[in-house]
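Visitor: Got a structure for you, upload_0.pdb, holding PDB, C-alpha atoms.
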ATOM      1  CA  CYS Y   1     -21.574 117.760-111.506  1.00  0.00           C
ATOM      2  CA  PHE Y   2     -25.007 118.724-112.774  1.00  0.00           C
ATOM      3  CA  ARG Y   3     -26.328 116.984-115.873  1.00  0.00           C
ATOM      4  CA  ALA Y   4     -29.452 117.241-117.964  1.00  0.00           C
ATOM      5  CA  ARG Y   5     -30.998 115.152-120.728  1.00  0.00           C
ATOM      6  CA  CYS Y   6     -32.902 116.410-123.761  1.00  0.00           C
ATOM      7  CA  LEU Y   7     -36.463 115.059-123.908  1.00  0.00           C
ATOM      8  CA  ALA Y   8     -37.608 117.024-126.970  1.00  0.00           C
ATOM      9  CA  PRO Y   9     -38.268 114.688-129.920  1.00  0.00           C
ATOM     10  CA  ASN Y  10     -36.639 117.193-132.316  1.00  0.00           C
ATOM     11  CA  GLY Y  11     -33.990 118.446-129.898  1.00  0.00           C
ATOM     12  CA  VAL Y  12     -33.822 121.912-128.376  1.00  0.00           C
ATOM     13  CA  ALA Y  13     -31.839 124.994-129.366  1.00  0.00           C
ATOM     14  CA  PHE Y  14     -29.354 126.795-127.159  1.00  0.00           C
ATOM     15  CA  ARG Y  15     -30.073 130.409-126.182  1.00  0.00           C
ATOM     16  CA  ARG Y  16     -27.638 133.278-125.484  1.00  0.00           C
ATOM     17  CA  SER Y  17     -29.561 134.083-122.294  1.00  0.00           C
ATOM     18  CA  ALA Y  18     -32.471 132.710-120.272  1.00  0.00           C
ATOM     19  CA  GLN Y  19     -34.930 134.131-122.817  1.00  0.00           C
ATOM     20  CA  VAL Y  20     -36.882 131.953-125.283  1.00  0.00           C
ATOM     21  CA  GLY Y  21     -36.427 134.450-128.128  1.00  0.00           C
ATOM     22  CA  ASP Y  22     -32.644 134.717-127.699  1.00  0.00           C
ATOM     23  CA  ARG Y  23     -31.928 131.602-129.777  1.00  0.00           C
ATOM     24  CA  LEU Y  24     -28.391 130.746-130.923  1.00  0.00           C
ATOM     25  CA  VAL Y  25     -28.681 129.828-134.606  1.00  0.00           C
ATOM     26  CA  ASP Y  26     -25.001 129.011-135.180  1.00  0.00           C
ATOM     27  CA  VAL Y  27     -24.680 126.429-132.349  1.00  0.00           C
ATOM     28  CA  ARG Y  28     -26.364 123.026-132.586  1.00  0.00           C
ATOM     29  CA  GLY Y  29     -28.392 122.168-129.499  1.00  0.00           C
ATOM     30  CA  PRO Y  30     -28.763 118.730-127.932  1.00  0.00           C
ATOM     31  CA  SER Y  31     -30.815 116.063-129.703  1.00  0.00           C
ATOM     32  CA  TYR Y  32     -33.355 113.729-128.139  1.00  0.00           C
ATOM     33  CA  GLY Y  33     -31.656 111.619-125.474  1.00  0.00           C
ATOM     34  CA  ASP Y  34     -28.414 113.608-125.349  1.00  0.00           C
ATOM     35  CA  VAL Y  35     -26.998 114.140-121.848  1.00  0.00           C
ATOM     36  CA  ILE Y  36     -25.110 117.371-121.307  1.00  0.00           C
ATOM     37  CA  VAL Y  37     -23.121 118.863-118.449  1.00  0.00           C
ATOM     38  CA  MET Y  38     -24.569 121.960-116.821  1.00  0.00           C
ATOM     39  CA  ILE Y  39     -22.244 124.726-115.617  1.00  0.00           C
ATOM     40  CA  ASP Y  40     -24.519 125.815-112.766  1.00  0.00           C
ATOM     41  CA  PRO Y  41     -27.530 124.442-110.904  1.00  0.00           C
ATOM     42  CA  PRO Y  42     -30.851 125.175-112.654  1.00  0.00           C
ATOM     43  CA  TYR Y  43     -31.924 128.830-112.691  1.00  0.00           C
ATOM     44  CA  LYS Y  44     -35.719 129.216-112.606  1.00  0.00           C
ATOM     45  CA  ASP Y  45     -36.848 127.204-115.672  1.00  0.00           C
ATOM     46  CA  TRP Y  46     -33.429 127.252-117.358  1.00  0.00           C
ATOM     47  CA  VAL Y  47     -30.129 125.383-117.346  1.00  0.00           C
ATOM     48  CA  ARG Y  48     -26.788 126.837-118.428  1.00  0.00           C
ATOM     49  CA  CYS Y  49     -24.273 124.719-120.327  1.00  0.00           C
ATOM     50  CA  ALA Y  50     -20.912 125.509-121.916  1.00  0.00           C
ATOM     51  CA  LYS Y  51     -22.602 126.334-125.241  1.00  0.00           C
ATOM     52  CA  GLY Y  52     -25.488 128.400-123.866  1.00  0.00           C
ATOM     53  CA  TRP Y  53     -28.824 128.303-122.061  1.00  0.00           C
ATOM     54  CA  LEU Y  54     -31.556 125.661-122.452  1.00  0.00           C
ATOM     55  CA  PRO Y  55     -35.178 125.950-121.366  1.00  0.00           C
ATOM     56  CA  ILE Y  56     -36.472 123.186-119.105  1.00  0.00           C
ATOM     57  CA  THR Y  57     -39.970 123.549-120.582  1.00  0.00           C
ATOM     58  CA  LEU Y  58     -41.297 124.994-123.838  1.00  0.00           C
ATOM     59  CA  ASN Y  59     -45.006 125.633-124.420  1.00  0.00           C
ATOM     60  CA  GLY Y  60     -45.801 123.701-121.235  1.00  0.00           C
ATOM     61  CA  MET Y  61     -43.893 120.583-122.331  1.00  0.00           C
ATOM     62  CA  ALA Y  62     -40.746 119.326-120.587  1.00  0.00           C
ATOM     63  CA  VAL Y  63     -37.826 119.479-123.054  1.00  0.00           C
ATOM     64  CA  VAL Y  64     -34.962 119.000-120.569  1.00  0.00           C
ATOM     65  CA  GLU Y  65     -34.768 116.586-117.643  1.00  0.00           C
ATOM     66  CA  ILE Y  66     -32.361 117.391-114.815  1.00  0.00           C
ATOM     67  CA  PHE Y  67     -30.559 114.520-113.127  1.00  0.00           C
ATOM     68  CA  PRO Y  68     -30.080 114.663-109.356  1.00  0.00           C
ATOM     69  CA  PRO Y  69     -26.510 115.758-108.458  1.00  0.00           C
ATOM     70  CA  ASN Y  70     -25.730 112.353-106.913  1.00  0.00           C
ATOM     71  CA  CYS Y  71     -26.909 110.425-109.990  1.00  0.00           C
ATOM     72  CA  THR Y  72     -24.206 108.203-111.493  1.00  0.00           C
ATOM     73  CA  LEU Y  73     -24.590 107.516-115.202  1.00  0.00           C
ATOM     74  CA  ARG Y  74     -22.757 104.458-116.493  1.00  0.00           C
ATOM     75  CA  ALA Y  75     -22.057 102.340-119.571  1.00  0.00           C
ATOM     76  CA  ARG Y  76     -20.622  98.824-119.880  1.00  0.00           C
ATOM     77  CA  CYS Y  77     -18.146  97.739-122.537  1.00  0.00           C
ATOM     78  CA  ILE Y  78     -19.534  94.775-124.502  1.00  0.00           C
ATOM     79  CA  ALA Y  79     -16.853  94.615-127.200  1.00  0.00           C
ATOM     80  CA  PRO Y  80     -14.909  91.337-126.907  1.00  0.00           C
ATOM     81  CA  GLN Y  81     -11.559  93.144-127.332  1.00  0.00           C
ATOM     82  CA  GLY Y  82     -12.574  96.317-125.489  1.00  0.00           C
ATOM     83  CA  VAL Y  83     -12.729  99.792-127.005  1.00  0.00           C
ATOM     84  CA  GLY Y  84     -10.230 102.651-127.200  1.00  0.00           C
ATOM     85  CA  TYR Y  85     -10.733 106.187-125.991  1.00  0.00           C
ATOM     86  CA  ARG Y  86     -10.850 109.070-128.480  1.00  0.00           C
ATOM     87  CA  ALA Y  87      -9.815 112.705-127.997  1.00  0.00           C
ATOM     88  CA  CYS Y  88     -13.063 113.854-129.644  1.00  0.00           C
ATOM     89  CA  MET Y  89     -16.116 112.328-131.343  1.00  0.00           C
ATOM     90  CA  ASP Y  90     -14.069 110.915-134.228  1.00  0.00           C
ATOM     91  CA  LEU Y  91     -13.182 107.226-134.615  1.00  0.00           C
ATOM     92  CA  ASP Y  92      -9.839 108.185-136.211  1.00  0.00           C
ATOM     93  CA  ASN Y  93      -8.750 110.310-133.222  1.00  0.00           C
ATOM     94  CA  ARG Y  94      -7.791 107.456-130.899  1.00  0.00           C
ATOM     95  CA  LEU Y  95      -5.897 108.086-127.661  1.00  0.00           C
ATOM     96  CA  PHE Y  96      -3.088 105.549-127.489  1.00  0.00           C
ATOM     97  CA  ASN Y  97      -1.724 106.760-124.146  1.00  0.00           C
ATOM     98  CA  VAL Y  98      -4.945 105.937-122.233  1.00  0.00           C
ATOM     99  CA  ARG Y  99      -6.116 102.342-121.944  1.00  0.00           C
ATOM    100  CA  GLY Y 100      -9.784 101.950-122.837  1.00  0.00           C
ATOM    101  CA  PRO Y 101     -12.291  99.721-121.089  1.00  0.00           C
ATOM    102  CA  ASN Y 102     -12.090  95.953-121.552  1.00  0.00           C
ATOM    103  CA  SER Y 103     -15.133  93.772-122.144  1.00  0.00           C
ATOM    104  CA  GLY Y 104     -17.321  93.914-119.037  1.00  0.00           C
ATOM    105  CA  ASP Y 105     -15.744  97.093-117.632  1.00  0.00           C
ATOM    106  CA  VAL Y 106     -18.146  99.829-116.530  1.00  0.00           C
ATOM    107  CA  VAL Y 107     -17.315 103.505-117.132  1.00  0.00           C
ATOM    108  CA  GLU Y 108     -18.831 106.672-115.715  1.00  0.00           C
ATOM    109  CA  VAL Y 109     -20.639 108.817-118.284  1.00  0.00           C
ATOM    110  CA  GLU Y 110     -20.296 112.589-118.090  1.00  0.00           C
ATOM    111  CA  GLU Y 111     -22.055 113.380-121.381  1.00  0.00           C
ATOM    112  CA  LEU Y 112     -23.963 111.482-124.056  1.00  0.00           C
ATOM    113  CA  ILE Y 113     -24.038 113.138-127.471  1.00  0.00           C
ATOM    114  CA  GLY Y 114     -25.626 111.111-130.259  1.00  0.00           C
ATOM    115  CA  SER Y 115     -23.804 107.774-130.345  1.00  0.00           C
ATOM    116  CA  TRP Y 116     -20.830 108.956-128.252  1.00  0.00           C
ATOM    117  CA  ILE Y 117     -20.203 109.203-124.527  1.00  0.00           C
ATOM    118  CA  ARG Y 118     -17.666 111.396-122.764  1.00  0.00           C
ATOM    119  CA  THR Y 119     -15.992 109.945-119.691  1.00  0.00           C
ATOM    120  CA  PRO Y 120     -13.348 111.458-117.398  1.00  0.00           C
ATOM    121  CA  SER Y 121     -10.721 109.744-119.620  1.00  0.00           C
ATOM    122  CA  GLY Y 122     -12.051 110.750-123.052  1.00  0.00           C
ATOM    123  CA  TRP Y 123     -14.730 109.977-125.631  1.00  0.00           C
ATOM    124  CA  LEU Y 124     -16.005 106.469-126.411  1.00  0.00           C
ATOM    125  CA  PRO Y 125     -18.159 105.422-129.378  1.00  0.00           C
ATOM    126  CA  ILE Y 126     -21.280 103.417-128.601  1.00  0.00           C
ATOM    127  CA  PHE Y 127     -21.058 101.730-132.026  1.00  0.00           C
ATOM    128  CA  ILE Y 128     -18.138 100.815-134.286  1.00  0.00           C
ATOM    129  CA  GLY Y 129     -18.871  99.524-137.772  1.00  0.00           C
ATOM    130  CA  GLY Y 130     -22.564  99.204-136.914  1.00  0.00           C
ATOM    131  CA  GLN Y 131     -21.830  96.944-133.922  1.00  0.00           C
ATOM    132  CA  ALA Y 132     -22.589  98.034-130.362  1.00  0.00           C
ATOM    133  CA  VAL Y 133     -19.426  98.233-128.242  1.00  0.00           C
ATOM    134  CA  LEU Y 134     -21.048  99.837-125.184  1.00  0.00           C
ATOM    135  CA  GLU Y 135     -24.391  99.332-123.502  1.00  0.00           C
ATOM    136  CA  LEU Y 136     -25.979 102.178-121.580  1.00  0.00           C
ATOM    137  CA  LEU Y 137     -27.001 101.362-118.022  1.00  0.00           C
ATOM    138  CA  ASP Y 138     -29.450 102.754-115.490  1.00  0.00           C
ATOM    139  CA  GLU Y 139     -30.928 106.162-116.300  1.00  0.00           C
ATOM    140  CA  LEU Y 140     -29.325 106.200-119.769  1.00  0.00           C
ATOM    141  CA  SER Y 141     -31.040 103.065-121.043  1.00  0.00           C
ATOM    142  CA  PRO Y 142     -33.590 103.541-123.849  1.00  0.00           C
ATOM    143  CA  ASN Y 143     -36.371 102.140-121.608  1.00  0.00           C
ATOM    144  CA  SER Y 144     -35.530 104.638-118.867  1.00  0.00           C
ATOM    145  CA  LEU Y 145     -35.506 107.507-121.377  1.00  0.00           C
ATOM    146  CA  GLN Y 146     -38.892 106.451-122.751  1.00  0.00           C
ATOM    147  CA  ALA Y 147     -40.301 106.262-119.204  1.00  0.00           C
ATOM    148  CA  SER Y 148     -38.946 109.791-118.520  1.00  0.00           C
ATOM    149  CA  VAL Y 149     -40.603 111.145-121.672  1.00  0.00           C
ATOM    150  CA  GLU Y 150     -43.932 109.507-120.826  1.00  0.00           C
ATOM    151  CA  ALA Y 151     -43.780 110.847-117.251  1.00  0.00           C
ATOM    152  CA  ALA Y 152     -43.030 114.349-118.555  1.00  0.00           C
ATOM    153  CA  ARG Y 153     -46.112 114.218-120.808  1.00  0.00           C
ATOM    154  CA  ARG Y 154     -48.431 113.428-117.880  1.00  0.00           C
TER     155      ARG Y 154
END
Do you think you could lay out the structure here as structure tokens?

Guide:
Amino acid sequence: CFRARCLAPNGVAFRRSAQVGDRLVDVRGPSYGDVIVMIDPPYKDWVRCAKGWLPITLNGMAVVEIFPPNCTLRARCIAPQGVGYRACMDLDNRLFNVRGPNSGDVVEVEELIGSWIRTPSGWLPIFIGGQAVLELLDELSPNSLQASVEAARR
């Protein structure tokens, strides 16, 4: 599984092809910090995702960071009663047939979109009612993201 993270402060737009000018205006691209799944390994300075192509650099600045294929992204449940899986990024769309993580459980993260993560079992919110229910670990932590952005600027 190939994954990439958006480093652009204002996000980056998807393209129909590996051409900067071929921007998709009707599909929202990833925002800063979002982690997305790539369909194929990187192609030149581009990555291809289910929704389209993303440039790795724009105007000489890194806008997408590619994770090594063996990189495991994880999150830990910190909610005292655990948290339930959702079928999509909607708190009201809970999956009752799949048990969610209990407090202290660690889950593998496939994608991170805004304040939601997708795991092999479904979507999990990072916050419920303004309270954190998951903490991002390793390469997903805010400190790690900030270090990646600073390294990309050098």

Visitor: Report as number ranges by chain all protein, DNA and RNA residues lying within 10 Å of Arg99 of chain Y, evaluated on only C-alpha atoms, omitting residues in the same chain fewer than 6 positions from it.

Guide: Y: 82-85, 121

Visitor: How would you write, as a list in words, the residues chosen by the PyMOL selection byres ((chain Y and resi 119) around 9) on this structure?

Guide: Val107, Glu108, Val109, Glu110, Glu111, Ile117, Arg118, Pro120, Ser121, Gly122, Trp123 and Leu124 of chain Y

Visitor: Figure out the distance between atom CA of Glu135 of chain Y and atom CA of Leu95 of chain Y, please, to one decimal in Å.

Guide: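 Atom CA of Glu135 of chain Y lies at a distance of 20.9 Å from atom CA of Leu95 of chain Y.
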
Visitor: For Ile39 of chain Y, list every protein, DNA or RNA residue within 10 Å, evaluated using only C-alpha atoms, and leave out those in the same chain fewer than 4 positions away; present the list as a ChimeraX atom specification.

Guide: /Y:1-3,47-53

Visitor: Residues near Asp105 of chain Y, anyone? I mean within 9 Å using only C-alpha atoms, not counting same-chain ones fewer than 2 positions away, as an MDAnalysis selection string.

Guide: chainID Y and resid 75:78 82 101:103 107

Visitor: So what does the PyMOL selection byres ((chain Y and resi 5) around 10) actually pick up in this one, as a list in words?

Guide: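 Matching residues under the PyMOL selection byres ((chain Y and resi 5) around 10) are Arg3, Ala4, Cys6, Leu7, Ala8, Pro30, Ser31, Tyr32, Gly33, Asp34, Val35, Ile36, Val37, Ile56, Val63, Val64, Glu65, Ile66, Phe67, Glu111, Leu112, Ile113, Leu140, Leu145 and Ser148 of chain Y.
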
Visitor: Tell me, in Å to one decimal, how far atom CA of Gln131 of chain Y is from atom CA of Ala79 of chain Y.

Guide: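 Result for atom CA of Gln131 of chain Y versus atom CA of Ala79 of chain Y: 8.7 Å, one decimal.
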
Visitor: Fewer than 3 positions away in the same chain doesn't count, so skip those; otherwise give me all residues within 8 Å of Arg28 of chain Y, counting only C-alpha atoms, as a PDB file with C-alpha atoms, keeping the file's coordinate frame.

Guide:
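Written file, selection-v4.pdb:
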ATOM      1  CA  ALA Y  13     -31.839 124.994-129.366  1.00  0.00           C
ATOM      2  CA  PHE Y  14     -29.354 126.795-127.159  1.00  0.00           C
ATOM      3  CA  VAL Y  25     -28.681 129.828-134.606  1.00  0.00           C
TER       4      VAL Y  25
END

Visitor: What does the distance between atom CA of Trp46 of chain Y and atom CA of Asp26 of chain Y come to in Å, to one decimal place?

Guide: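 Those two atoms sit 19.8 Å apart.
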
Visitor: Would you mind telling me which residue in Y:Arg74, Y:Val98, Y:Gly114, Y:Leu91 lies nearest to Gly29 of chain Y when using all atoms listed in the file?

Guide: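 Closest to Gly29 of chain Y of all the choices is Y:Gly114.
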